[in-house]
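Data first, discussion second: the structure below is written as structure tokens.
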Amino acid sequence: MNTLGVQLLLITVVLREHLDKVTRIFMKRPVLAVLLLWAAMQTLFSQTITVSGRITDAENGEMLIGAAVEAVGKQQGKVSNEYGFYSFSLPATGDSITLRFSYLGYEPALRRIKAAPGAITLNVALRPQGSVLEEVVVTANSLEDKVKSTEMSVMTLSAREAKAVPALFGEVDILKILQLKPGITSGTEGTTGFFVRGGGVDQNLIVLDEAVVYNPNHLFGFFSTFNSDAVKDVKIYKGGFPAQYGGRLSSVIDVRMREGNNKEYDVTGGIGLISSRLTVEGPIQRDKSSFIVSGRRTYADLITRSINRANANNPDANLIPDYFFYDLNTKVNFTLSERDRLFLSGYFGRDVFKFNNESFDFLFDWGNATGTARWNHVYGPKLFSNATFTFSDYRYRIRNALQGFSFSLGSNVIDANGKLDFYYQPDNRHAIRFGAQATYHEFRVARLKFGSDDGRINFESGQNFTGMEYALYFADDWSVTNRLKLNYGARISAWQNSPAFYANFEPRISANYTLRDGWTVKGSYARMNQYVHLLASSGLSLPTDIWYPSTQGVRPQVSDQIAAGVQYLYRGRWLITWEGWYKWLDNQVDFIDGAELFGNNNLEGELAIGKGFAYSPLELEIEKRDGRLTGWIGYTLAWVRRGEFADINGGAYFPPRFDTRHNLTVVALYELTRRWQLTASWVYTSGIMAWLPLGRFTFQDVGGAPFQAVVPVYGDRNTFRYPAYMRLDLGIVYRWKTRRSEQDLTLSIYNVTDRRNPFFIFLEPELQRLGDAGQSIQIPTAIRAKQVSLFPILPSLTWNFKF
């Protein structure tokens, strides 16, 4: 007799002996009866085998995110989550089944199992293909998996691509490379600020190991805070946001640090034109725990200090200010048991600009500090949880002392966050996520102090705020049929800042329908709420920008975004993606004309609240990720508008600074040989918008003094467009190996054509002198716009090594 027959016989015997008692219990508790019937049906008619485990890198033990698992010949598969965990269910036929594990850049692995009822734990380690310097490939899904996924408006970036793309001063910068993707508009020349699908620079949620990074920039935006040697995975969502994310309107940039090699000790680093970096990693207990410490620092200040010391006795010498920045990333992880893992990670970065002499002492420093503690627990083959606590601290400080007087200005935002996330996969058709989180915010806004050393003059201003942010979410990735997949869910968010309280419902849904092999149609809708606001006096992201909470007078920002698209996988190697989208924006925050920012205890009186919208009928990407030639082509055609501000433009809509109509990028990486690689990137962007004065009032003193420009006359906002931005960068990478090391030299040439792109434009009067030598005056005859450019052609050489 087979297993099913034995089970039926046992159930029948039990029911016959206790039939009356069971009937009375079920009549009194019908809900219990339904649940038991459902469990029985699952047992009798849905016999399955569930295979679960973790997928790792065989060389260093790193968890692989988005690795694919499939049953050979059965057209069924799953991918690992962000912690390398997977769960895969199959019918328990009693036959042998072959499972195939794969990940882009790694050799696939086959495992044969017997499909008997029950659960199997199967951990698999994949070995990287070839041997390049970047041992961790930070790419999630292959192109085929990307086509099948319900995710849309999502992009990933590999470490190999990031390190090969030519960079300013040879500094590999993840955020600058994200600017080369469609739908993302860069700020001004060379900066890391970016705008996603018509959103402001503050509407990007940037997290490092789940901790919020409020200002991800160094050197006033020219470099990002992310050291590529410490990064494991980078993923950006431009729309179709998963329910577990919230708090910003336009994008999510999820950056995860590497865990460290738990097999052997490694030392990795690089020496560049303006900075050097060093990473040390290794096992604490082999195969059980590991650590990684990664640091980076510029050294221009060491040179300027030497120059200043050499000119110490020269009274005519102009001293050079000190400037430097540094980063430190640390992480340790422990395998506590087969079911439990603990991760502790931290980041600390700081920029310091200072200048002092006998009578003047100036200091300007700013930076981020984050910490993360995570506990992974596997309850069983179908249920996985992650408990996380994060801490974020961003602050800036300006201090100046001058001949008996002192001045200081600063702002600070602190977050403490706790959250619990669950991943539950009842079967292959559903992957369910749910969880909750709470965040405590503390804001110290524009703290200004001014006084004399003798205490006779003393002035202080600024505001302090606190707030609590809460969220609950649920999402289900549902394979409805072999052709139709849905990801539906919702997020309930709330904000409390006494006496203000806001609660909002944020529905999320995305769909994927396969038309035929290689062709899919996708669509998505997402509502987002943002409870903290960046008060910026320019279109740039500067260290002195102020983060401000939602209050009774400043309501949360809201966005609704719909998107539709088509993907086509050509010959399994070229992925062509078209998307169109429209975004509505409410409660947008801007400054009124002539706003006073510093020393103001009523900042809300300087704010205007309005609306906005943005749309694109064409966001196109052509992507190739394997073979000797890899890279992508991206193009975006978009419009962005803001309006209905009571005190701006008379309420009329106007384009913000980042309304760039056309954005075209081409990135190509070509493996010439195993040692030589050629790289190139080309960018064309319509010029940003600017608000320039239409004219100026002038006056002449009765004594015959020269004319002076005193008051600029402005019209509507942002009616002038800068000249187009265009840049070509080239690079050459040469790699070599010895018995105990892997090394490369990377030559980057930034702005090969030496095009002078505008950094900013200013207006200057042209003056004509009238009269004789004894008595003459200067009369303005015209106002001319003049352009300031930063970077000509800039070559750089970087040496990277691993021992």
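Every chain in the structure tokens takes a letter, A first, then B, and so on in the order presented; its residues are numbered from 1, and the ligands are numbered from 1 following the presented order.
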For the structure I just gave you, how does DSSP split segment 613-754 of chain A - specifically, which residues are strand (DSSP E or B)? Reply as a ChimeraX atom specification.
/A:613-624,629-643,654,662-671,676-685,689-690,695-699,708-713,720-721,725-737,742-750
As number ranges by chain, please: the residues near segment 515-532 of chain A (cut-off 8 Å, only C-alpha atoms, same-chain neighbours under 4 positions excluded).
A: 147-148, 150, 152, 203, 239-241, 246-249, 483, 493, 495, 504, 506-511, 547-550, 555-570, 572
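Using only C-alpha atoms, the nearest neighbour of Asp744 of chain A within the list A:Tyr582, A:Gly94, A:Ala164, A:Gln285 is A:Ala164.
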Which residues are near segment 166-171 of chain A? Cut-off 6 Å, only C-alpha atoms, ignore same chain within fewer than 2 positions. Put them as a PyMOL selection string.
chain A and resi 729-731+748+750+796
Pick from A:Gly53, A:His377, A:Asn417, A:Gly200: nearest to His441 of chain A, with only C-alpha atoms counted?
A:Asn417
Calculate how many Å separate atom CA of Ser789 of chain A from atom CA of Arg755 of chain A, rounding to one decimal.
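So the answer is 9.3 Å.
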Taking 6 positions as the minimum chain separation for residues in the same chain, which residues sit within 10 Å of segment 470-482 of chain A when counting only C-alpha atoms? Answer as a ChimeraX atom specification.
/A:75-76,149-151,242-247,417-425,427-440,488-496,503-514
Using only C-alpha atoms, which residues of segment 571-662 of chain A come within 7 Å of segment 717-722 of chain A, and what is the closest atom pair for each, with the distance in Å to one decimal? Give it as JSON lines, sorted by chain and residue number.
{"residue": "A:Asn649", "atom": "CA", "partner": "A:Arg717", "partner_atom": "CA", "distance": 6.6}
{"residue": "A:Phe654", "atom": "CA", "partner": "A:Arg717", "partner_atom": "CA", "distance": 6.5}
{"residue": "A:Pro655", "atom": "CA", "partner": "A:Asn718", "partner_atom": "CA", "distance": 6.3}
{"residue": "A:Pro656", "atom": "CA", "partner": "A:Asn718", "partner_atom": "CA", "distance": 6.7}
{"residue": "A:Arg657", "atom": "CA", "partner": "A:Asn718", "partner_atom": "CA", "distance": 6.8}
Would you compute the distance between atom CA of Thr188 of chain A and atom CA of Thr577 of chain A? Give it in Å to one decimal.
27.3 Å
Which residues come within 12 Å of Arg675 of chain A, counting only C-alpha atoms, excluding same-chain residues fewer than 2 positions away, as a PyMOL selection string?
chain A and resi 130-133+670-673+677-678+732-737+742-746
What is the distance, in Å and to one decimal place, between atom CA of Leu157 of chain A and atom CA of Glu259 of chain A?
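Between atom CA of Leu157 of chain A and atom CA of Glu259 of chain A the gap works out to 18.0 Å.
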